[in-house]
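Engineer: The structure under discussion is supplied below as C-alpha cells; questions concerning it will follow.
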Amino acid sequence: MQCAILIGGLGTRLGALVSDCPKPMLPVAGAPALEHLVRDLARYGFDDVLLLAGYRSEVVERFVAETDLVRRDGLKIRVVVEPEPLGTAGALRYARADLAPEFLMLNGDSFFDFNVLDLATFATDEPWLARMALRRVEDASRFGVVELAEGGIVTAMRERPDGPGPGLINGGVYWLRRDIVEVIGDGQVSLERTVFPALASGGL
C-alpha cells in the first residue's frame with residue numbers, strides 16, 4: 001500500500017530550528033520525526049512511501065539514502081521534489097505519475113494516532129475522491145471546522161469560528177483517489193483551503 005507524506009513546507013514558526021532542516025526531519029527521541037511516522041505507517045502495511053519534498057530537500061534525500069527503513073525494513077521510499085512551492089495540492093499534482101490508484105496522504109509534521117486503515121475501508125454508496133480523518137476538540141477556534149451530514153459526508157469546511165467552542169477539525173490524514181489531481185488547478189494550490197472545501201460544497 002502507498003502513502004504520500006507532505007514534507008515540503010518551510011516551518012517558519014520554528015525559526016532558527018529549521019534554518020537548515022525541514023521540520024519533519026527535526027530529531028525526536030534520537031531519530032528524525034519523519035522516521036517515527038514512517039515506522040508507524042509500516043505497522044499498518046504501508047510499504048511504498050512517497051515523500052513530497054521542497055524546502056531543503058537534500059536533507060530528505062540524504063536521510064533516504066542512509067536510513068535502515070529501506071535496507072532493513074524493506075520499504076520502498078521515493079522523494080519527489082517540487083520545483084517551486086506548489087502548496088499541498090500542487091505538490092500532489094506534481095507527483096501524479098508516481099501515485100497509486102488509491103493511497104494514504106498525510107502531513108509529515110504531525111502525528112494523529114488512530115487506525116488509518118479505517119479510512120481505506122470506510123463504506124459509502126456516495127461517489128468520492130477523498131476521505132479525511134477528523135478529530136473532535138473542545139476548542140475549535142484555532143482551526144477550521146468541518147461540518148458533516150448523515151453518513152459521514154462532509155458538507156462544508158469553514159474557516160476559524162469567531163469564538164471558542166467544540167467542533168470537528170481536519171486531522172491532516174486522507175485516503176485519496178488518484179483522480180483527485182484532475183480537479184487541482186495550476187500553480188500554488190491548497191488541499192485544505194481550496195480543493196476540499198470546493199468538493200464539500202459541490203463546487204468541483
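If you're wondering about the labels, chains in the C-alpha cells are A, B, ... by order shown, residues count from 1 in each chain, ligands from 1 in order shown.
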Show me, as a PDB file with C-alpha atoms, in the first residue's frame, the residues that have an atom within 10 Å of Glu147 of chain A when counting only C-alpha atoms, minus same-chain residues fewer than 3 positions from it.

Structural biologist:
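Below is the file that was written, part04.pdb:
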```pdb
ATOM      1  CA  GLY A 152     -20.250  10.924   7.440  1.00  0.00           C
ATOM      2  CA  ILE A 153     -20.458  13.098   4.311  1.00  0.00           C
ATOM      3  CA  VAL A 154     -18.530  16.371   4.579  1.00  0.00           C
ATOM      4  CA  THR A 155     -20.811  19.235   3.553  1.00  0.00           C
ATOM      5  CA  ALA A 156     -18.670  22.261   4.433  1.00  0.00           C
ATOM      6  CA  MET A 157     -15.254  23.301   5.678  1.00  0.00           C
ATOM      7  CA  ARG A 158     -15.409  26.678   7.413  1.00  0.00           C
ATOM      8  CA  GLY A 167     -16.065  21.167  16.905  1.00  0.00           C
ATOM      9  CA  LEU A 168     -14.713  18.703  14.366  1.00  0.00           C
ATOM     10  CA  ILE A 169     -11.406  19.599  12.767  1.00  0.00           C
ATOM     11  CA  ALA A 200     -17.562  19.512   0.021  1.00  0.00           C
TER      12      ALA A 200
END
```

Engineer: So that I can check the surroundings of Leu75 of chain A, please list as a PyMOL selection string every protein, DNA and RNA residue that reaches within 10 Å of it, counting only C-alpha atoms and ignoring chain neighbours fewer than 2 positions away.

Structural biologist: chain A and resi 38-39+42+46-49+68-73+77-78

Engineer: Among segment 9-103 of chain A, which residues does DSSP mark as strand (DSSP E or B) when it is run on the backbone? Keep the chain and numbering as in the structure and answer as a compact mmCIF listing (two decimals) with N, CA, C and O atoms, in the first residue's frame.

Structural biologist:
```txt
# COMPACT_ATOMS: atom_id res chain seq x y z
N PRO A 27 15.01 16.16 15.00
CA PRO A 27 15.12 14.95 15.82
C PRO A 27 14.09 14.89 16.95
O PRO A 27 13.82 15.89 17.61
N VAL A 28 13.54 13.71 17.14
CA VAL A 28 12.63 13.41 18.24
C VAL A 28 13.05 12.06 18.81
O VAL A 28 13.06 11.06 18.08
N ALA A 31 15.80 10.21 16.71
CA ALA A 31 15.62 9.95 15.27
C ALA A 31 14.77 11.06 14.67
O ALA A 31 14.00 11.72 15.40
N PRO A 32 14.87 11.30 13.36
CA PRO A 32 14.00 12.30 12.75
C PRO A 32 12.53 11.99 12.99
O PRO A 32 12.13 10.82 12.99
N ASP A 48 5.15 1.41 0.43
CA ASP A 48 5.53 2.27 -0.69
C ASP A 48 5.32 3.72 -0.24
O ASP A 48 4.19 4.17 -0.10
N VAL A 49 6.42 4.42 0.02
CA VAL A 49 6.36 5.74 0.63
C VAL A 49 6.83 6.80 -0.37
O VAL A 49 7.93 6.70 -0.91
N LEU A 50 5.97 7.78 -0.61
CA LEU A 50 6.33 8.95 -1.43
C LEU A 50 6.53 10.13 -0.49
O LEU A 50 5.61 10.50 0.24
N LEU A 51 7.70 10.73 -0.52
CA LEU A 51 7.97 11.91 0.27
C LEU A 51 7.90 13.11 -0.65
O LEU A 51 8.73 13.27 -1.55
N LEU A 52 6.88 13.95 -0.47
CA LEU A 52 6.67 15.12 -1.32
C LEU A 52 7.42 16.28 -0.69
O LEU A 52 6.94 16.93 0.23
N ALA A 53 8.63 16.53 -1.19
CA ALA A 53 9.58 17.44 -0.57
C ALA A 53 9.69 18.74 -1.34
O ALA A 53 9.27 18.85 -2.50
N LYS A 76 9.95 0.74 0.23
CA LYS A 76 10.27 1.49 -0.98
C LYS A 76 9.99 2.95 -0.69
O LYS A 76 8.85 3.33 -0.40
N ILE A 77 11.02 3.79 -0.73
CA ILE A 77 10.87 5.20 -0.42
C ILE A 77 11.39 6.03 -1.57
O ILE A 77 12.53 5.87 -2.00
N ARG A 78 10.54 6.91 -2.09
CA ARG A 78 10.93 7.81 -3.16
C ARG A 78 10.69 9.24 -2.74
O ARG A 78 9.74 9.54 -2.02
N VAL A 79 11.57 10.12 -3.19
CA VAL A 79 11.45 11.54 -2.90
C VAL A 79 11.07 12.27 -4.17
O VAL A 79 11.74 12.14 -5.20
N VAL A 80 9.97 13.00 -4.14
CA VAL A 80 9.52 13.81 -5.27
C VAL A 80 9.67 15.27 -4.85
O VAL A 80 9.01 15.72 -3.91
N VAL A 81 10.56 15.99 -5.53
CA VAL A 81 10.88 17.36 -5.13
C VAL A 81 10.17 18.35 -6.05
O VAL A 81 10.40 18.35 -7.27
N GLU A 102 -5.31 4.38 -5.45
CA GLU A 102 -5.78 4.88 -4.16
C GLU A 102 -4.59 4.87 -3.21
O GLU A 102 -3.73 3.99 -3.27
N PHE A 103 -4.53 5.86 -2.31
CA PHE A 103 -3.36 5.97 -1.44
C PHE A 103 -3.70 6.81 -0.21
O PHE A 103 -4.67 7.58 -0.20
```

Engineer: For segment 108-190 of chain A versus segment 90-93 of chain A, which residues have an atom no more than 6 Å away, and what is each residue's nearest atom pair and distance in Å rounded to one decimal, using only C-alpha atoms, chain-then-number order, as a Markdown table?

Structural biologist:
```
| residue | atom | partner | partner_atom | distance |
| --- | --- | --- | --- | --- |
| A:Val181 | CA | A:Arg93 | CA | 5.3 |
| A:Gln188 | CA | A:Gly90 | CA | 5.6 |
| A:Val189 | CA | A:Gly90 | CA | 5.2 |
```

Engineer: Which polymer residues have any atom within 12 Å of an atom of Phe122 of chain A, counting only C-alpha atoms, with same-chain residues fewer than 6 positions away left out, as a list in words?

Structural biologist: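 Listed by chain and then number, they are Asn115, Val116, Trp128, Ala130, Arg131, Met132, Ala133, Gly151, Gly152, Ile153, Tyr174 and Trp175 of chain A.
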
Engineer: Do a neighbour search on Ser57 of chain A at 8 Å with only C-alpha atoms, toss out local chain neighbours closer than 2 positions, and write the hits as a CSV table (one decimal) with N, CA and C atoms, in the first residue's frame.

Structural biologist:
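This went into result-v9.csv:
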```csv
chain,number,residue,atom,x,y,z
A,8,GLY,N,7.2,19.4,2.4
A,8,GLY,CA,7.8,20.5,1.7
A,8,GLY,C,7.7,21.8,2.3
A,22,PRO,N,14.3,20.6,7.1
A,22,PRO,CA,12.8,20.6,7.1
A,22,PRO,C,12.2,20.2,8.4
A,53,ALA,N,8.6,16.5,-1.2
A,53,ALA,CA,9.6,17.4,-0.6
A,53,ALA,C,9.7,18.7,-1.3
A,54,GLY,N,10.3,19.7,-0.7
A,54,GLY,CA,10.5,21.0,-1.3
A,54,GLY,C,11.7,21.7,-0.6
A,55,TYR,N,11.4,22.4,0.5
A,55,TYR,CA,12.4,23.1,1.3
A,55,TYR,C,13.5,22.1,1.8
A,59,VAL,N,18.3,17.3,2.4
A,59,VAL,CA,18.4,16.7,3.8
A,59,VAL,C,17.5,15.4,3.7
A,60,VAL,N,16.4,15.5,3.1
A,60,VAL,CA,15.5,14.4,3.0
A,60,VAL,C,16.1,13.3,2.1
A,61,GLU,N,16.7,13.7,1.0
A,61,GLU,CA,17.3,12.7,0.1
A,61,GLU,C,18.5,12.0,0.8
A,81,VAL,N,10.6,16.0,-5.5
A,81,VAL,CA,10.9,17.4,-5.1
A,81,VAL,C,10.2,18.3,-6.1
```

Engineer: Nearest residue to Val183 of chain A out of A:Ala89, A:Gly45, A:Asp125, A:Leu104, using only C-alpha atoms?

Structural biologist: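 So, comparing all the options, the nearest one is A:Ala89.
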
Engineer: If you run DSSP on this backbone, which residues of chain A come out as helix (DSSP H, G or I), and could you give them as a PyMOL selection string?

Structural biologist: chain A and resi 12-18+23-25+33-43+57-66+68-71+87-94+96-98+117-121+178-183+191-201

Engineer: Counting only C-alpha atoms, what is within 8 Å of segment 34-36 of chain A, bar same-chain residues fewer than 5 positions away, as a list in words?

Structural biologist: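 Residues meeting the cut-off are Pro24, Met25, Leu69, Gly108 and Asp109 of chain A.
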
Engineer: Keeping only C-alpha atoms, write the selected residues to a file as a PDB file, in the first residue's frame.

Structural biologist:
```pdb
ATOM      1  CA  PRO A  24       9.706  16.730   9.729  1.00  0.00           C
ATOM      2  CA  MET A  25      13.442  15.970   9.816  1.00  0.00           C
ATOM      3  CA  LEU A  69      13.905   1.876   6.662  1.00  0.00           C
ATOM      4  CA  GLY A 108       4.628  14.998   7.756  1.00  0.00           C
ATOM      5  CA  ASP A 109       4.824  17.465  10.634  1.00  0.00           C
TER       6      ASP A 109
END
```

Engineer: In Å, with one decimal, what is the gap from atom CA of Val145 of chain A to atom CA of Gly163 of chain A?

Structural biologist: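 Taking atom CA of Val145 of chain A as the start and atom CA of Gly163 of chain A as the end point, the length is 12.0 Å.
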
Engineer: Fewer than 4 positions away in the same chain doesn't count, so skip those; otherwise give me all residues within 7 Å of Asn170 of chain A, counting only C-alpha atoms, as a list in words.

Structural biologist: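 Near neighbours after the sequence-gap exclusion: Ala133, Leu134, Arg135 and Val146 of chain A.
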
Engineer: How many Å separate atom CA of Glu159 of chain A from atom CA of Gly87 of chain A?

Structural biologist: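 That distance, rounded to one decimal, is 17.9 Å.
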
Engineer: Give me the residues near Glu138 of chain A as a list in words, where near means some atom within 7 Å (using only C-alpha atoms) and where sequence neighbours in that chain fewer than 2 positions away do not count.

Structural biologist: Arg136, Ala140, Gly165, Pro166 and Gly167 of chain A
